[in-house]
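> Got a file for you: coords_1.cif, mmCIF, C-alpha atoms and all ligand atoms.
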data_structure
#
loop_
_atom_site.group_PDB
_atom_site.id
_atom_site.type_symbol
_atom_site.label_atom_id
_atom_site.label_comp_id
_atom_site.auth_asym_id
_atom_site.auth_seq_id
_atom_site.Cartn_x
_atom_site.Cartn_y
_atom_site.Cartn_z
ATOM 1 C CA MET L 1 -1.825 -7.033 11.353
ATOM 2 C CA PHE L 2 0.863 -4.681 10.074
ATOM 3 C CA SER L 3 2.237 -5.230 6.550
ATOM 4 C CA GLY L 4 -1.099 -6.546 5.254
ATOM 5 C CA HIS L 5 -2.602 -3.048 5.566
ATOM 6 C CA LEU L 6 -0.015 -1.651 3.143
ATOM 7 C CA GLY L 7 -0.881 -4.567 0.837
ATOM 8 C CA PHE L 8 -4.498 -3.403 0.793
ATOM 9 C CA ALA L 9 -3.387 0.140 -0.124
ATOM 10 C CA TYR L 10 -1.470 -1.406 -3.059
ATOM 11 C CA LEU L 11 -4.589 -3.357 -4.013
ATOM 12 C CA LEU L 12 -6.612 -0.118 -4.160
ATOM 13 C CA LYS L 13 -3.925 1.495 -6.316
ATOM 14 C CA LEU L 14 -4.695 -1.120 -8.990
ATOM 15 C CA LEU L 15 -8.148 0.444 -9.506
ATOM 16 C CA PRO L 16 -8.653 3.265 -12.077
ATOM 17 C CA VAL L 17 -10.662 5.240 -9.476
ATOM 18 C CA THR L 18 -7.394 5.852 -7.602
ATOM 19 C CA ASN L 19 -5.655 7.532 -10.572
ATOM 20 C CA ASN L 20 -5.747 10.865 -8.752
ATOM 21 C CA ILE L 21 -5.122 9.540 -5.243
ATOM 22 C CA SER L 22 -1.557 9.456 -3.978
ATOM 23 C CA LEU L 23 -0.266 6.123 -2.716
ATOM 24 C CA GLY L 24 0.506 7.982 0.518
ATOM 25 C CA THR L 25 -3.177 8.916 0.878
ATOM 26 C CA LEU L 26 -4.208 5.301 0.193
ATOM 27 C CA PHE L 27 -1.795 4.213 2.926
ATOM 28 C CA LEU L 28 -3.292 6.831 5.259
ATOM 29 C CA ALA L 29 -6.720 5.293 4.557
ATOM 30 C CA ALA L 30 -5.711 1.638 4.944
ATOM 31 C CA GLN L 31 -3.659 2.412 8.064
ATOM 32 C CA TRP L 32 -5.985 5.104 9.430
ATOM 33 C CA PRO L 33 -6.854 3.385 12.753
ATOM 34 C CA ASP L 34 -3.126 3.042 13.511
ATOM 35 C CA PHE L 35 -2.535 6.759 12.834
ATOM 36 C CA LEU L 36 -5.418 7.435 15.207
ATOM 37 C CA LEU L 37 -3.980 4.910 17.670
ATOM 38 C CA GLY L 38 -0.788 6.982 17.964
ATOM 39 C CA LEU L 39 -2.933 9.871 19.215
ATOM 40 C CA THR L 40 -5.263 7.819 21.422
ATOM 41 C CA LEU L 41 -2.269 6.106 23.077
ATOM 42 C CA ILE L 42 -0.837 9.543 23.927
ATOM 43 C CA LEU L 43 -4.231 10.671 25.260
ATOM 44 C CA GLY L 44 -4.626 7.448 27.249
ATOM 45 C CA HIS L 45 -7.940 6.460 25.622
ATOM 46 C CA ASP L 46 -6.547 3.327 23.973
ATOM 47 C CA TRP L 47 -3.879 1.043 25.351
ATOM 48 C CA GLY L 48 -2.426 -2.440 25.325
ATOM 49 C CA SER L 49 -0.802 -4.511 28.056
ATOM 50 C CA TYR L 50 1.459 -7.560 27.962
ATOM 51 C CA ASP L 51 -0.415 -10.824 28.539
ATOM 52 C CA PRO L 52 1.923 -13.559 29.916
ATOM 53 C CA SER L 53 -0.532 -16.283 28.816
ATOM 54 C CA LEU L 54 0.262 -15.336 25.202
ATOM 55 C CA ALA L 55 4.073 -15.446 25.598
ATOM 56 C CA GLY L 56 5.748 -16.708 22.420
ATOM 57 C CA LYS L 57 2.709 -16.017 20.240
ATOM 58 C CA THR L 58 2.317 -13.191 17.739
ATOM 59 C CA PHE L 59 1.232 -9.931 19.440
ATOM 60 C CA PRO L 60 1.142 -11.142 23.064
ATOM 61 C CA PHE L 61 -0.963 -8.225 24.294
ATOM 62 C CA LYS L 62 -4.417 -7.565 25.674
ATOM 63 C CA THR L 63 -5.813 -4.502 23.949
ATOM 64 C CA HIS L 64 -8.361 -1.828 24.748
ATOM 65 C CA LEU L 65 -8.894 0.141 21.510
ATOM 66 C CA PRO L 66 -12.405 1.633 21.708
ATOM 67 C CA ILE L 67 -11.663 4.823 19.780
ATOM 68 C CA SER L 68 -9.059 3.934 17.155
ATOM 69 C CA HIS L 69 -10.185 0.425 16.193
ATOM 70 C CA SER L 70 -13.994 0.554 16.488
ATOM 71 C CA LEU L 71 -16.363 1.480 13.680
ATOM 72 C CA PHE L 72 -16.534 4.906 15.340
ATOM 73 C CA GLY L 73 -12.840 5.321 14.477
ATOM 74 C CA TRP L 74 -13.705 4.281 10.935
ATOM 75 C CA LEU L 75 -16.386 7.008 10.678
ATOM 76 C CA LEU L 76 -13.891 9.575 11.993
ATOM 77 C CA GLY L 77 -11.536 8.327 9.285
ATOM 78 C CA ILE L 78 -14.052 8.889 6.476
ATOM 79 C CA GLY L 79 -14.444 12.536 7.534
ATOM 80 C CA PHE L 80 -10.720 13.090 7.955
ATOM 81 C CA LEU L 81 -9.816 11.428 4.643
ATOM 82 C CA ALA L 82 -12.420 13.463 2.722
ATOM 83 C CA VAL L 83 -10.993 16.717 4.108
ATOM 84 C CA PHE L 84 -7.403 15.530 3.568
ATOM 85 C CA GLN L 85 -8.047 14.557 -0.059
ATOM 86 C CA ALA L 86 -9.943 17.798 -0.741
ATOM 87 C CA PHE L 87 -7.050 19.801 0.726
ATOM 88 C CA TRP L 88 -4.448 17.792 -1.175
ATOM 89 C CA ARG L 89 -6.201 17.688 -4.541
ATOM 90 C CA ARG L 90 -8.479 20.732 -4.172
ATOM 91 C CA CYS L 91 -11.381 18.549 -5.352
ATOM 92 C CA VAL L 92 -12.636 15.144 -4.388
ATOM 93 C CA THR L 93 -15.232 12.883 -6.014
ATOM 94 C CA LEU L 94 -17.793 10.660 -4.347
ATOM 95 C CA SER L 95 -16.169 7.539 -5.809
ATOM 96 C CA GLU L 96 -12.825 8.637 -4.318
ATOM 97 C CA ILE L 97 -14.435 9.089 -0.889
ATOM 98 C CA VAL L 98 -16.045 5.648 -1.191
ATOM 99 C CA THR L 99 -12.674 4.131 -2.165
ATOM 100 C CA LEU L 100 -10.888 5.761 0.786
ATOM 101 C CA SER L 101 -13.713 4.631 3.095
ATOM 102 C CA VAL L 102 -13.295 1.051 1.859
ATOM 103 C CA GLY L 103 -9.566 1.415 2.518
ATOM 104 C CA ALA L 104 -10.225 2.502 6.111
ATOM 105 C CA LEU L 105 -12.821 -0.256 6.595
ATOM 106 C CA SER L 106 -10.317 -2.827 5.278
ATOM 107 C CA HIS L 107 -8.171 -2.099 8.360
ATOM 108 C CA TRP L 108 -11.049 -3.012 10.660
ATOM 109 C CA LEU L 109 -11.838 -6.181 8.665
ATOM 110 C CA LEU L 110 -8.211 -7.356 8.445
ATOM 111 C CA ASP L 111 -7.742 -6.721 12.166
ATOM 112 C CA VAL L 112 -10.898 -8.740 12.897
ATOM 113 C CA LEU L 113 -9.200 -11.664 11.107
ATOM 114 C CA VAL L 114 -6.123 -11.654 13.356
ATOM 115 C CA HIS L 115 -7.070 -10.160 16.756
ATOM 116 C CA ARG L 116 -8.253 -12.451 19.529
ATOM 117 C CA GLY L 117 -11.839 -11.285 19.963
ATOM 118 C CA SER L 118 -10.739 -7.783 20.969
ATOM 119 C CA ILE L 119 -11.812 -5.555 18.072
ATOM 120 C CA PRO L 120 -14.752 -3.361 19.171
ATOM 121 C CA ILE L 121 -17.760 -2.655 16.983
ATOM 122 C CA PHE L 122 -19.029 0.325 19.009
ATOM 123 C CA PRO L 123 -16.714 2.519 21.112
ATOM 124 C CA THR L 124 -18.764 2.667 24.309
ATOM 125 C CA SER L 125 -20.036 -0.866 24.986
ATOM 126 C CA ASN L 126 -18.143 -3.306 27.218
ATOM 127 C CA ASP L 127 -20.565 -6.135 26.443
ATOM 128 C CA PRO L 128 -18.645 -9.231 25.201
ATOM 129 C CA SER L 129 -20.873 -9.323 22.089
ATOM 130 C CA ASN L 130 -19.399 -5.935 21.100
ATOM 131 C CA PHE L 131 -15.970 -7.493 20.468
ATOM 132 C CA VAL L 132 -14.966 -9.598 17.480
ATOM 133 C CA GLY L 133 -11.837 -11.345 16.242
ATOM 134 C CA LEU L 134 -11.002 -14.640 14.527
ATOM 135 C CA SER L 135 -7.626 -15.133 16.297
ATOM 136 C CA LEU L 136 -5.430 -15.910 13.281
ATOM 137 C CA TRP L 137 -2.569 -14.670 15.474
ATOM 138 C CA ASP L 138 -2.834 -18.010 17.297
ATOM 139 C CA LEU L 139 -1.507 -19.759 14.156
ATOM 140 C CA PRO L 140 2.232 -20.608 14.174
ATOM 141 C CA ASN L 141 4.296 -17.406 14.003
ATOM 142 C CA SER L 142 5.917 -18.426 10.707
ATOM 143 C CA THR L 143 2.450 -18.939 9.135
ATOM 144 C CA VAL L 144 1.353 -15.461 10.295
ATOM 145 C CA PHE L 145 4.577 -13.985 8.863
ATOM 146 C CA GLY L 146 3.992 -15.788 5.542
ATOM 147 C CA LEU L 147 0.390 -14.531 5.349
ATOM 148 C CA GLU L 148 1.410 -10.919 6.003
ATOM 149 C CA MET L 149 4.149 -11.117 3.384
ATOM 150 C CA ALA L 150 1.737 -12.628 0.834
ATOM 151 C CA ILE L 151 -0.851 -9.871 1.417
ATOM 152 C CA LEU L 152 1.927 -7.276 1.088
ATOM 153 C CA PHE L 153 3.838 -8.600 -1.907
ATOM 154 C CA LEU L 154 1.128 -10.027 -4.209
ATOM 155 C CA PRO L 155 -0.625 -6.646 -4.816
ATOM 156 C CA LEU L 156 2.784 -4.920 -5.056
ATOM 157 C CA LEU L 157 3.850 -7.428 -7.710
ATOM 158 C CA LEU L 158 0.630 -6.774 -9.662
ATOM 159 C CA LEU L 159 1.249 -3.001 -9.426
ATOM 160 C CA LEU L 160 4.757 -3.426 -10.828
ATOM 161 C CA ILE L 161 3.705 -5.870 -13.573
ATOM 162 C CA THR L 162 0.819 -3.665 -14.745
ATOM 163 C CA GLY L 163 2.962 -0.503 -14.622
ATOM 164 C CA ARG L 164 0.462 1.199 -12.266
ATOM 165 C CA LEU L 165 3.367 2.085 -9.975
ATOM 166 C CA LYS L 166 5.669 4.516 -11.783
ATOM 167 C CA LEU L 167 9.194 4.070 -10.493
ATOM 168 C CA GLY L 168 11.972 6.611 -11.057
ATOM 169 C CA ALA L 169 15.271 6.526 -9.168
ATOM 170 C CA ALA L 170 13.979 8.363 -6.062
ATOM 171 C CA ALA L 171 10.736 6.362 -6.049
ATOM 172 C CA SER L 172 12.682 3.078 -6.270
ATOM 173 C CA VAL L 173 14.800 4.068 -3.256
ATOM 174 C CA SER L 174 11.658 5.062 -1.292
ATOM 175 C CA LEU L 175 9.990 1.765 -2.192
ATOM 176 C CA LEU L 176 13.063 -0.229 -1.195
ATOM 177 C CA ILE L 177 13.330 1.541 2.205
ATOM 178 C CA LEU L 178 9.582 1.088 2.763
ATOM 179 C CA ILE L 179 9.721 -2.632 2.006
ATOM 180 C CA ILE L 180 12.832 -3.181 4.155
ATOM 181 C CA ILE L 181 11.175 -1.407 7.139
ATOM 182 C CA HIS L 182 8.041 -3.526 6.667
ATOM 183 C CA VAL L 183 9.860 -6.852 6.403
ATOM 184 C CA VAL L 184 12.087 -6.035 9.416
ATOM 185 C CA PHE L 185 9.133 -4.785 11.509
ATOM 186 C CA GLN L 186 7.035 -7.810 10.570
ATOM 187 C CA TYR L 187 9.912 -10.205 11.275
ATOM 188 C CA ASN L 188 10.333 -8.560 14.675
ATOM 189 C CA SER L 189 6.571 -8.794 15.358
ATOM 190 C CA ASN L 190 6.457 -12.514 14.583
ATOM 191 C CA PHE L 191 9.805 -13.849 15.770
ATOM 192 C CA ILE L 192 11.361 -11.480 18.344
ATOM 193 C CA ALA L 193 8.659 -9.381 20.079
ATOM 194 C CA PRO L 194 6.607 -12.481 21.107
ATOM 195 C CA PHE L 195 9.498 -13.455 23.418
ATOM 196 C CA SER L 196 9.848 -10.010 25.002
ATOM 197 C CA THR L 197 7.693 -8.408 27.689
ATOM 198 C CA ASP L 198 8.120 -4.907 26.182
ATOM 199 C CA ASN L 199 4.749 -3.292 25.600
ATOM 200 C CA MET L 200 4.687 -1.500 22.261
ATOM 201 C CA LEU L 201 1.197 -0.153 22.933
ATOM 202 C CA SER L 202 2.140 1.853 26.022
ATOM 203 C CA LYS L 203 1.320 5.543 26.412
ATOM 204 C CA ASP L 204 5.035 6.408 26.190
ATOM 205 C CA ASN L 205 5.263 4.726 22.784
ATOM 206 C CA GLY L 206 2.399 6.821 21.339
ATOM 207 C CA PRO L 207 4.673 9.452 19.721
ATOM 208 C CA VAL L 208 6.999 6.751 18.330
ATOM 209 C CA PHE L 209 4.036 4.874 16.877
ATOM 210 C CA LEU L 210 2.594 8.023 15.302
ATOM 211 C CA GLY L 211 6.020 9.041 13.969
ATOM 212 C CA LEU L 212 6.513 5.610 12.394
ATOM 213 C CA MET L 213 3.146 5.872 10.633
ATOM 214 C CA VAL L 214 3.987 9.347 9.268
ATOM 215 C CA VAL L 215 7.387 8.155 7.979
ATOM 216 C CA LEU L 216 5.808 5.101 6.322
ATOM 217 C CA GLY L 217 3.097 7.314 4.772
ATOM 218 C CA LEU L 218 5.722 9.685 3.319
ATOM 219 C CA LEU L 219 7.749 6.768 1.960
ATOM 220 C CA CYS L 220 4.548 5.469 0.335
ATOM 221 C CA HIS L 221 3.892 8.864 -1.206
ATOM 222 C CA PHE L 222 7.395 9.160 -2.628
ATOM 223 C CA SER L 223 7.486 5.568 -3.877
ATOM 224 C CA ASP L 224 5.086 6.475 -6.700
ATOM 225 C CA ASN L 225 6.361 8.944 -9.310
ATOM 226 C CA ASN L 226 2.748 9.816 -10.173
ATOM 227 C CA SER L 227 2.212 11.242 -6.676
ATOM 228 C CA THR L 228 5.214 13.530 -6.825
ATOM 229 C CA GLN L 229 4.470 14.610 -10.425
ATOM 230 C CA ASP L 230 0.934 15.523 -9.322
ATOM 231 C CA VAL L 231 2.341 17.866 -6.684
ATOM 232 C CA THR L 232 4.817 19.386 -9.143
ATOM 233 C CA SER L 233 2.133 20.025 -11.766
ATOM 234 C CA LYS L 234 -0.184 21.474 -9.096
ATOM 235 C CA VAL L 235 2.519 23.886 -7.986
ATOM 236 C CA LYS L 236 3.156 24.890 -11.639
ATOM 237 C CA THR L 237 -0.517 25.549 -12.358
ATOM 238 C CA ASN L 238 -0.920 27.692 -9.198
HETATM 239 ZN ZN ZN W 301 -4.550 -1.610 13.586
#
Write out the structure in this file as structure tokens.


Amino acid sequence: MFSGHLGFAYLLKLLPVTNNISLGTLFLAAQWPDFLLGLTLILGHDWGSYDPSLAGKTFPFKTHLPISHSLFGWLLGIGFLAVFQAFWRRCVTLSEIVTLSVGALSHWLLDVLVHRGSIPIFPTSNDPSNFVGLSLWDLPNSTVFGLEMAILFLPLLLLLITGRLKLGAAASVSLLILIIIHVVFQYNSNFIAPFSTDNMLSKDNGPVFLGLMVVLGLLCHFSDNNSTQDVTSKVKTN
């Protein structure tokens, strides 16, 4: 899953508890395992390899993601997000930590929906019962694309209708770029990459993957005027 994780960050932004959490931080939470994956690919702990038996299907890779995509990775995420939010806001409440933790857990749950029995529960066990996944990626590629777009756009629409997302000129441009990157990346994942043998989860692609996540996180942050105003007011009060 790719765009659906951003959709969950948008869903969290609908809640009053996220009034003081930047959309960029919510994205960091919902996409946390993929940020971590950039690092674990570079370090060689996690990896993926092309599986010819899945040619033509969405995400035709076998994966080994014990650190980034297990519940251990989720626990690491809770710690990191608490420190990040405390650093960013100078204070952090328990309900904010719980919300960010739910965001990080949503990544694990959404990935369990789509992966083919390859999402680990614990990082160290190779027992088959340690791996889960409901294989929605075996559905027709156009259905998978439609699902991802629905999970992305429905919460975004609600954010815009309810006025929870404050859009100025710069924020509108950031949002537009963010959405274009997501639609193009998702289109590529469902309709072009399945017919290529290129392995996006190789060690060499680790820095690219991490860089993409950072760029998307920054675009998220700047696509909400509230986030940028928060920083400005914090600078003024210091
Ligand atoms: Zn993931």

> Looking at only C-alpha atoms, which of L:Ile97, L:Ala169, L:Val184, L:Leu109 is the one that sits closest to Ala82 in chain L?

L:Ile97

> Restrict the calculation to only C-alpha atoms and all ligand atoms, then for each residue of chain L with any atom at most 7 Å from an atom of ligand ZN 301 (chain W) give the closest atom pair and their distance in Å to one decimal, rows by chain and rising residue number, as a tab-separated table.


residue	atom	partner	partner_atom	distance
L:Met1	CA	W:ZN301	ZN	6.5
L:Gln31	CA	W:ZN301	ZN	6.9
L:Pro33	CA	W:ZN301	ZN	5.6
L:Asp34	CA	W:ZN301	ZN	4.9
L:His69	CA	W:ZN301	ZN	6.5
L:His107	CA	W:ZN301	ZN	6.4
L:Asp111	CA	W:ZN301	ZN	6.2

> Might you spell out which residues the PyMOL selection byres (((chain L and resi 74) around 10) and not hetatm) would select in the displayed file, as number ranges by chain?

L: 29, 32-33, 36, 67-73, 75-80, 101-108

> Can you tell me how far CA of Val215 in chain L sits from CA of Asn199 in chain L, in Å to one decimal?

21.2 Å

> Measure the distance from CA of Ile177 in chain L to CA of Cys220 in chain L in Å and round it to one decimal.

9.8 Å

> If the PyMOL selection byres (((chain L and resi 17) around 12) and not hetatm) were run on this exact file, what residues would it hold? Put them as number ranges by chain.

L: 11-16, 18-22, 26, 92-100

> Taking N, CA and C atoms as the atom set, what does range 95-112 of chain L look like once completed, written as a PDB file, in the frame of the given file?


ATOM      1  N   SER L  95     -16.779   8.873  -5.669  1.00  0.00           N
ATOM      2  CA  SER L  95     -16.169   7.539  -5.809  1.00  0.00           C
ATOM      3  C   SER L  95     -14.806   7.482  -5.105  1.00  0.00           C
ATOM      4  N   GLU L  96     -14.095   8.626  -5.056  1.00  0.00           N
ATOM      5  CA  GLU L  96     -12.825   8.637  -4.318  1.00  0.00           C
ATOM      6  C   GLU L  96     -13.071   8.499  -2.815  1.00  0.00           C
ATOM      7  N   ILE L  97     -14.113   9.201  -2.322  1.00  0.00           N
ATOM      8  CA  ILE L  97     -14.435   9.089  -0.889  1.00  0.00           C
ATOM      9  C   ILE L  97     -14.817   7.649  -0.550  1.00  0.00           C
ATOM     10  N   VAL L  98     -15.627   7.038  -1.439  1.00  0.00           N
ATOM     11  CA  VAL L  98     -16.045   5.648  -1.191  1.00  0.00           C
ATOM     12  C   VAL L  98     -14.817   4.744  -1.167  1.00  0.00           C
ATOM     13  N   THR L  99     -13.887   4.963  -2.102  1.00  0.00           N
ATOM     14  CA  THR L  99     -12.674   4.131  -2.165  1.00  0.00           C
ATOM     15  C   THR L  99     -11.834   4.286  -0.892  1.00  0.00           C
ATOM     16  N   LEU L 100     -11.663   5.531  -0.441  1.00  0.00           N
ATOM     17  CA  LEU L 100     -10.888   5.761   0.786  1.00  0.00           C
ATOM     18  C   LEU L 100     -11.599   5.161   1.993  1.00  0.00           C
ATOM     19  N   SER L 101     -12.936   5.220   1.995  1.00  0.00           N
ATOM     20  CA  SER L 101     -13.713   4.631   3.095  1.00  0.00           C
ATOM     21  C   SER L 101     -13.542   3.118   3.130  1.00  0.00           C
ATOM     22  N   VAL L 102     -13.520   2.503   1.935  1.00  0.00           N
ATOM     23  CA  VAL L 102     -13.295   1.051   1.859  1.00  0.00           C
ATOM     24  C   VAL L 102     -11.889   0.734   2.376  1.00  0.00           C
ATOM     25  N   GLY L 103     -10.930   1.602   2.022  1.00  0.00           N
ATOM     26  CA  GLY L 103      -9.566   1.415   2.518  1.00  0.00           C
ATOM     27  C   GLY L 103      -9.530   1.423   4.040  1.00  0.00           C
ATOM     28  N   ALA L 104     -10.220   2.406   4.642  1.00  0.00           N
ATOM     29  CA  ALA L 104     -10.225   2.502   6.111  1.00  0.00           C
ATOM     30  C   ALA L 104     -10.970   1.313   6.724  1.00  0.00           C
ATOM     31  N   LEU L 105     -12.061   0.892   6.067  1.00  0.00           N
ATOM     32  CA  LEU L 105     -12.821  -0.256   6.595  1.00  0.00           C
ATOM     33  C   LEU L 105     -11.999  -1.542   6.482  1.00  0.00           C
ATOM     34  N   SER L 106     -11.136  -1.618   5.448  1.00  0.00           N
ATOM     35  CA  SER L 106     -10.317  -2.827   5.278  1.00  0.00           C
ATOM     36  C   SER L 106      -9.447  -3.058   6.514  1.00  0.00           C
ATOM     37  N   HIS L 107      -9.016  -1.958   7.161  1.00  0.00           N
ATOM     38  CA  HIS L 107      -8.171  -2.099   8.360  1.00  0.00           C
ATOM     39  C   HIS L 107      -8.952  -2.823   9.460  1.00  0.00           C
ATOM     40  N   TRP L 108     -10.195  -2.391   9.630  1.00  0.00           N
ATOM     41  CA  TRP L 108     -11.049  -3.012  10.660  1.00  0.00           C
ATOM     42  C   TRP L 108     -11.246  -4.501  10.335  1.00  0.00           C
ATOM     43  N   LEU L 109     -11.559  -4.795   9.061  1.00  0.00           N
ATOM     44  CA  LEU L 109     -11.838  -6.181   8.665  1.00  0.00           C
ATOM     45  C   LEU L 109     -10.588  -7.064   8.791  1.00  0.00           C
ATOM     46  N   LEU L 110      -9.438  -6.553   8.347  1.00  0.00           N
ATOM     47  CA  LEU L 110      -8.211  -7.356   8.445  1.00  0.00           C
ATOM     48  C   LEU L 110      -7.820  -7.576   9.905  1.00  0.00           C
ATOM     49  N   ASP L 111      -8.049  -6.551  10.745  1.00  0.00           N
ATOM     50  CA  ASP L 111      -7.742  -6.721  12.166  1.00  0.00           C
ATOM     51  C   ASP L 111      -8.695  -7.715  12.830  1.00  0.00           C
ATOM     52  N   VAL L 112      -9.946  -7.753  12.366  1.00  0.00           N
ATOM     53  CA  VAL L 112     -10.898  -8.740  12.897  1.00  0.00           C
ATOM     54  C   VAL L 112     -10.378 -10.156  12.603  1.00  0.00           C
TER      55      VAL L 112
END
